[in-house]
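Below is one structure; the comments refer to it alone.
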Amino acid sequence: MKHLKNITAAFSVLLMLGCALCLQGCKKDVVESESANGTVNAVIADNFNLSLLNTAIKHAGLNNLLLEKGPFTVIAPSDVAFGLAGFPNTVSILQAPTSRVSAIVNYHILRGAYELNKLPFLFNQEIRSSNGGKLFATRWIKNQDTILTLNGSRVLSQNIKATNGIIQVTNRVLEPYVHELITESIAADRNLSLFNQALKRSGLVETLRGNFSFTVFAPVNAAMASYGLSSVEAINVMDPEMLKTLLEYHIVPNRRFIYDYVLSAGTTTSSEQTMLDGNSVRITLIPDPSVAGDYLGITLLGTGNTSAVGLVKRDVLSGNGVLHSINAVLKITQ
């Protein structure tokens, strides 16, 4: 009987040891599973197409932030997107001022899990980045496909899961805006100094400082000169009401990124945009030869233009609107 008790005791010890080992093994599996999924920065670091964002996060000193519980939503520009923004490689990011890189990366980090595919089907719905900057998300149906954009950039891959948030991959770097008013964005661009003076002369500066959002297609200085407004003096002798009529034909009473026109064009490659003065401008899409069914941008044609007007700069965001620079003046009459 004593011998049987010893065997029973030994068996109990072995059973307890086996359970302990089993629990330890189960715990290890959970850790490995979490490690495989990873935090948002770990998932980014493991994605070869997001290597430049990974470098930018580290250069900005934000790696530890993205180790926190979150949840975070990280807007993740692809490496191609960084190249288009002037950061073609790791060296270019490391040589950039830390403050510049930090501002960009912070603008791409949102507090909370934003599943963009669950937003209403609307244009430019406002959300906030971790540093308080505004972003504008669109969810729309184009040719039976649901398209998501942020500040007019395409979301290429959505809702990539991480242990402390999700990742949305975009085809462009989102530039954080520095001006609350679109008039300030215009004034800050030296290539728009003549247009800026025309706005002042026409009295439209106050209109653009209102409580609404606007899109401005601003002719660059060379375009203003070709129209006959080549100097501040030439602008200041022009009748303010005539100037106002001209400039209102360059303003849209709403926020419109260039890709918004791609989404709203329907089955055709052209559409009509009603301007602030009530007249319309024809918008024509420029096909992307490398991607079937996609578009590189737009051209514009006023009712008085004899040739298409092209973009010089696009999608400059401010707190109350979007600025696009164009290479000719939009004309109502020839």
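Residues are named by chain letter and number: chains run A, B, ... in the order of the structure tokens, numbers start at 1 in each chain, and ligands are numbered from 1 in the order shown.
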With only C-alpha atoms as the counted atoms, please give the residues lying no more than 9 Å from A:Gln168, apart from itself and same-chain residues fewer than 3 positions off, as a PDB file with N, CA and C atoms, in the first residue's frame.
ATOM      1  N   THR A  73      -4.205  54.791 -36.059  1.00  0.00           N
ATOM      2  CA  THR A  73      -4.306  54.551 -37.489  1.00  0.00           C
ATOM      3  C   THR A  73      -3.122  55.256 -38.129  1.00  0.00           C
ATOM      4  N   VAL A  74      -2.291  54.506 -38.839  1.00  0.00           N
ATOM      5  CA  VAL A  74      -1.137  55.094 -39.516  1.00  0.00           C
ATOM      6  C   VAL A  74      -1.429  55.149 -41.016  1.00  0.00           C
ATOM      7  N   ILE A  75      -1.399  56.373 -41.555  1.00  0.00           N
ATOM      8  CA  ILE A  75      -1.483  56.550 -43.000  1.00  0.00           C
ATOM      9  C   ILE A  75      -0.075  56.318 -43.532  1.00  0.00           C
ATOM     10  N   ALA A  76       0.084  55.298 -44.365  1.00  0.00           N
ATOM     11  CA  ALA A  76       1.418  54.827 -44.749  1.00  0.00           C
ATOM     12  C   ALA A  76       1.676  55.047 -46.237  1.00  0.00           C
ATOM     13  N   PRO A  77       2.362  56.136 -46.616  1.00  0.00           N
ATOM     14  CA  PRO A  77       2.718  56.324 -48.021  1.00  0.00           C
ATOM     15  C   PRO A  77       3.713  55.247 -48.467  1.00  0.00           C
ATOM     16  N   GLU A 115     -11.478  52.872 -39.726  1.00  0.00           N
ATOM     17  CA  GLU A 115     -11.721  51.961 -40.843  1.00  0.00           C
ATOM     18  C   GLU A 115     -12.457  52.755 -41.921  1.00  0.00           C
ATOM     19  N   LEU A 116     -11.696  53.223 -42.893  1.00  0.00           N
ATOM     20  CA  LEU A 116     -12.227  54.160 -43.878  1.00  0.00           C
ATOM     21  C   LEU A 116     -13.333  53.551 -44.726  1.00  0.00           C
ATOM     22  N   VAL A 155      -6.113  55.407 -51.459  1.00  0.00           N
ATOM     23  CA  VAL A 155      -5.780  54.383 -50.474  1.00  0.00           C
ATOM     24  C   VAL A 155      -5.593  53.081 -51.246  1.00  0.00           C
ATOM     25  N   LEU A 156      -4.358  52.567 -51.253  1.00  0.00           N
ATOM     26  CA  LEU A 156      -4.022  51.384 -52.043  1.00  0.00           C
ATOM     27  C   LEU A 156      -4.357  50.090 -51.304  1.00  0.00           C
ATOM     28  N   SER A 157      -4.051  50.052 -50.012  1.00  0.00           N
ATOM     29  CA  SER A 157      -4.357  48.891 -49.159  1.00  0.00           C
ATOM     30  C   SER A 157      -4.961  49.420 -47.874  1.00  0.00           C
ATOM     31  N   GLN A 158      -6.034  48.813 -47.427  1.00  0.00           N
ATOM     32  CA  GLN A 158      -6.762  49.354 -46.287  1.00  0.00           C
ATOM     33  C   GLN A 158      -6.863  48.368 -45.133  1.00  0.00           C
ATOM     34  N   ASN A 159      -6.944  48.951 -43.928  1.00  0.00           N
ATOM     35  CA  ASN A 159      -7.218  48.210 -42.693  1.00  0.00           C
ATOM     36  C   ASN A 159      -6.256  47.047 -42.467  1.00  0.00           C
ATOM     37  N   ILE A 160      -4.958  47.272 -42.694  1.00  0.00           N
ATOM     38  CA  ILE A 160      -3.945  46.262 -42.363  1.00  0.00           C
ATOM     39  C   ILE A 160      -3.831  46.206 -40.844  1.00  0.00           C
TER      40      ILE A 160
END
DSSP helix (DSSP H, G or I) selection over stretch 36-274 of chain A, as a count of residues only: 99
Who sits within 7 Å of stretch 172-183 of chain A, only C-alpha atoms, same chain under 5 positions skipped, as a VMD selection string: chain A and resid 77 81 to 82 85 103 to 104 107 151 153 205 208 to 209 317 to 323
Could the residues in this selection be written to a file with N, CA and C atoms, as a PDB file, in the first residue's frame?
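Final output, selection-v8.pdb:
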ATOM      1  N   PRO A  77       2.362  56.136 -46.616  1.00  0.00           N
ATOM      2  CA  PRO A  77       2.718  56.324 -48.021  1.00  0.00           C
ATOM      3  C   PRO A  77       3.713  55.247 -48.467  1.00  0.00           C
ATOM      4  N   ALA A  81       5.506  56.674 -53.296  1.00  0.00           N
ATOM      5  CA  ALA A  81       4.909  57.941 -52.875  1.00  0.00           C
ATOM      6  C   ALA A  81       5.965  58.869 -52.278  1.00  0.00           C
ATOM      7  N   PHE A  82       6.851  58.331 -51.463  1.00  0.00           N
ATOM      8  CA  PHE A  82       7.931  59.148 -50.894  1.00  0.00           C
ATOM      9  C   PHE A  82       8.834  59.694 -51.995  1.00  0.00           C
ATOM     10  N   ALA A  85       7.384  62.647 -53.545  1.00  0.00           N
ATOM     11  CA  ALA A  85       7.397  63.795 -52.643  1.00  0.00           C
ATOM     12  C   ALA A  85       8.794  64.372 -52.445  1.00  0.00           C
ATOM     13  N   ALA A 103       7.029  66.609 -38.696  1.00  0.00           N
ATOM     14  CA  ALA A 103       5.735  67.196 -39.054  1.00  0.00           C
ATOM     15  C   ALA A 103       4.987  66.306 -40.040  1.00  0.00           C
ATOM     16  N   ILE A 104       5.723  65.759 -41.014  1.00  0.00           N
ATOM     17  CA  ILE A 104       5.092  64.889 -42.007  1.00  0.00           C
ATOM     18  C   ILE A 104       4.555  63.620 -41.349  1.00  0.00           C
ATOM     19  N   TYR A 107       1.558  64.008 -39.062  1.00  0.00           N
ATOM     20  CA  TYR A 107       0.334  64.258 -39.826  1.00  0.00           C
ATOM     21  C   TYR A 107      -0.275  62.951 -40.332  1.00  0.00           C
ATOM     22  N   ASN A 151      -7.101  63.282 -48.578  1.00  0.00           N
ATOM     23  CA  ASN A 151      -6.549  64.498 -49.184  1.00  0.00           C
ATOM     24  C   ASN A 151      -6.307  64.306 -50.673  1.00  0.00           C
ATOM     25  N   SER A 153      -5.449  61.618 -52.240  1.00  0.00           N
ATOM     26  CA  SER A 153      -4.547  60.518 -52.572  1.00  0.00           C
ATOM     27  C   SER A 153      -5.292  59.192 -52.444  1.00  0.00           C
ATOM     28  N   VAL A 205     -10.529  88.891 -51.029  1.00  0.00           N
ATOM     29  CA  VAL A 205      -9.793  88.322 -49.897  1.00  0.00           C
ATOM     30  C   VAL A 205     -10.734  88.050 -48.737  1.00  0.00           C
ATOM     31  N   LEU A 208     -12.809  84.896 -49.206  1.00  0.00           N
ATOM     32  CA  LEU A 208     -12.046  83.661 -49.000  1.00  0.00           C
ATOM     33  C   LEU A 208     -11.631  83.460 -47.548  1.00  0.00           C
ATOM     34  N   ARG A 209     -11.888  84.438 -46.716  1.00  0.00           N
ATOM     35  CA  ARG A 209     -11.621  84.301 -45.281  1.00  0.00           C
ATOM     36  C   ARG A 209     -12.891  83.943 -44.510  1.00  0.00           C
ATOM     37  N   LEU A 317      -3.141  72.106 -49.562  1.00  0.00           N
ATOM     38  CA  LEU A 317      -4.220  72.162 -48.577  1.00  0.00           C
ATOM     39  C   LEU A 317      -4.009  73.304 -47.591  1.00  0.00           C
ATOM     40  N   SER A 318      -5.088  73.968 -47.235  1.00  0.00           N
ATOM     41  CA  SER A 318      -5.107  74.903 -46.112  1.00  0.00           C
ATOM     42  C   SER A 318      -6.285  74.542 -45.230  1.00  0.00           C
ATOM     43  N   GLY A 319      -6.444  75.245 -44.129  1.00  0.00           N
ATOM     44  CA  GLY A 319      -7.519  74.903 -43.208  1.00  0.00           C
ATOM     45  C   GLY A 319      -8.899  75.072 -43.800  1.00  0.00           C
ATOM     46  N   ASN A 320      -9.054  76.019 -44.746  1.00  0.00           N
ATOM     47  CA  ASN A 320     -10.398  76.256 -45.302  1.00  0.00           C
ATOM     48  C   ASN A 320     -10.452  76.065 -46.817  1.00  0.00           C
ATOM     49  N   GLY A 321      -9.530  75.277 -47.369  1.00  0.00           N
ATOM     50  CA  GLY A 321      -9.649  75.035 -48.801  1.00  0.00           C
ATOM     51  C   GLY A 321      -8.453  74.348 -49.421  1.00  0.00           C
ATOM     52  N   VAL A 322      -8.496  74.287 -50.758  1.00  0.00           N
ATOM     53  CA  VAL A 322      -7.455  73.641 -51.546  1.00  0.00           C
ATOM     54  C   VAL A 322      -7.040  74.586 -52.672  1.00  0.00           C
ATOM     55  N   LEU A 323      -5.729  74.708 -52.868  1.00  0.00           N
ATOM     56  CA  LEU A 323      -5.185  75.600 -53.881  1.00  0.00           C
ATOM     57  C   LEU A 323      -4.519  74.788 -54.991  1.00  0.00           C
TER      58      LEU A 323
END
Of the listed residues A:Ile283, A:Tyr259, A:Leu94, A:Asn117, that which approaches A:Asn171 most closely, counting only C-alpha atoms: A:Tyr259
6 Å contact set for A:Ser78, only C-alpha atoms, chain neighbours under 2 positions out, as a PyMOL selection string: chain A and resi 49-50+80-81
Next, the residues of the selection above should be written as a PDB file, in the first residue's frame with all heavy atoms.
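File written: result18.pdb
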ATOM      1  N   ASN A  49       7.746  47.501 -48.964  1.00  0.00           N
ATOM      2  CA  ASN A  49       7.237  48.641 -49.723  1.00  0.00           C
ATOM      3  C   ASN A  49       7.049  49.877 -48.860  1.00  0.00           C
ATOM      4  O   ASN A  49       6.695  50.944 -49.363  1.00  0.00           O
ATOM      5  CB  ASN A  49       5.908  48.266 -50.395  1.00  0.00           C
ATOM      6  CG  ASN A  49       5.482  49.268 -51.440  1.00  0.00           C
ATOM      7  OD1 ASN A  49       6.299  49.793 -52.190  1.00  0.00           O
ATOM      8  ND2 ASN A  49       4.191  49.560 -51.483  1.00  0.00           N
ATOM      9  N   LEU A  50       7.292  49.746 -47.535  1.00  0.00           N
ATOM     10  CA  LEU A  50       7.138  50.869 -46.612  1.00  0.00           C
ATOM     11  C   LEU A  50       8.446  51.189 -45.904  1.00  0.00           C
ATOM     12  O   LEU A  50       8.460  51.743 -44.807  1.00  0.00           O
ATOM     13  CB  LEU A  50       6.043  50.556 -45.579  1.00  0.00           C
ATOM     14  CG  LEU A  50       4.645  50.253 -46.128  1.00  0.00           C
ATOM     15  CD1 LEU A  50       3.699  49.893 -44.990  1.00  0.00           C
ATOM     16  CD2 LEU A  50       4.093  51.437 -46.924  1.00  0.00           C
ATOM     17  N   VAL A  80       7.187  54.468 -53.354  1.00  0.00           N
ATOM     18  CA  VAL A  80       7.002  55.256 -54.582  1.00  0.00           C
ATOM     19  C   VAL A  80       6.445  56.634 -54.238  1.00  0.00           C
ATOM     20  O   VAL A  80       6.851  57.656 -54.805  1.00  0.00           O
ATOM     21  CB  VAL A  80       6.073  54.519 -55.564  1.00  0.00           C
ATOM     22  CG1 VAL A  80       5.715  55.407 -56.747  1.00  0.00           C
ATOM     23  CG2 VAL A  80       6.730  53.234 -56.062  1.00  0.00           C
ATOM     24  N   ALA A  81       5.506  56.674 -53.296  1.00  0.00           N
ATOM     25  CA  ALA A  81       4.909  57.941 -52.875  1.00  0.00           C
ATOM     26  C   ALA A  81       5.965  58.869 -52.278  1.00  0.00           C
ATOM     27  O   ALA A  81       5.971  60.080 -52.556  1.00  0.00           O
ATOM     28  CB  ALA A  81       3.794  57.684 -51.868  1.00  0.00           C
TER      29      ALA A  81
END
Please produce, as a Markdown table, a per-residue contact table for stretch 149-169 of chain A versus stretch 52-71 of chain A (criterion: any atom at most 10 Å away, only C-alpha atoms considered), showing the nearest atom pair and its distance in Å to one decimal, sorted by chain then residue number.
| residue | atom | partner | partner_atom | distance |
| --- | --- | --- | --- | --- |
| A:Ala162 | CA | A:Pro71 | CA | 9.2 |
| A:Thr163 | CA | A:Lys69 | CA | 8.3 |
| A:Asn164 | CA | A:Pro71 | CA | 4.9 |
| A:Gly165 | CA | A:Pro71 | CA | 4.5 |
| A:Ile166 | CA | A:Pro71 | CA | 7.8 |
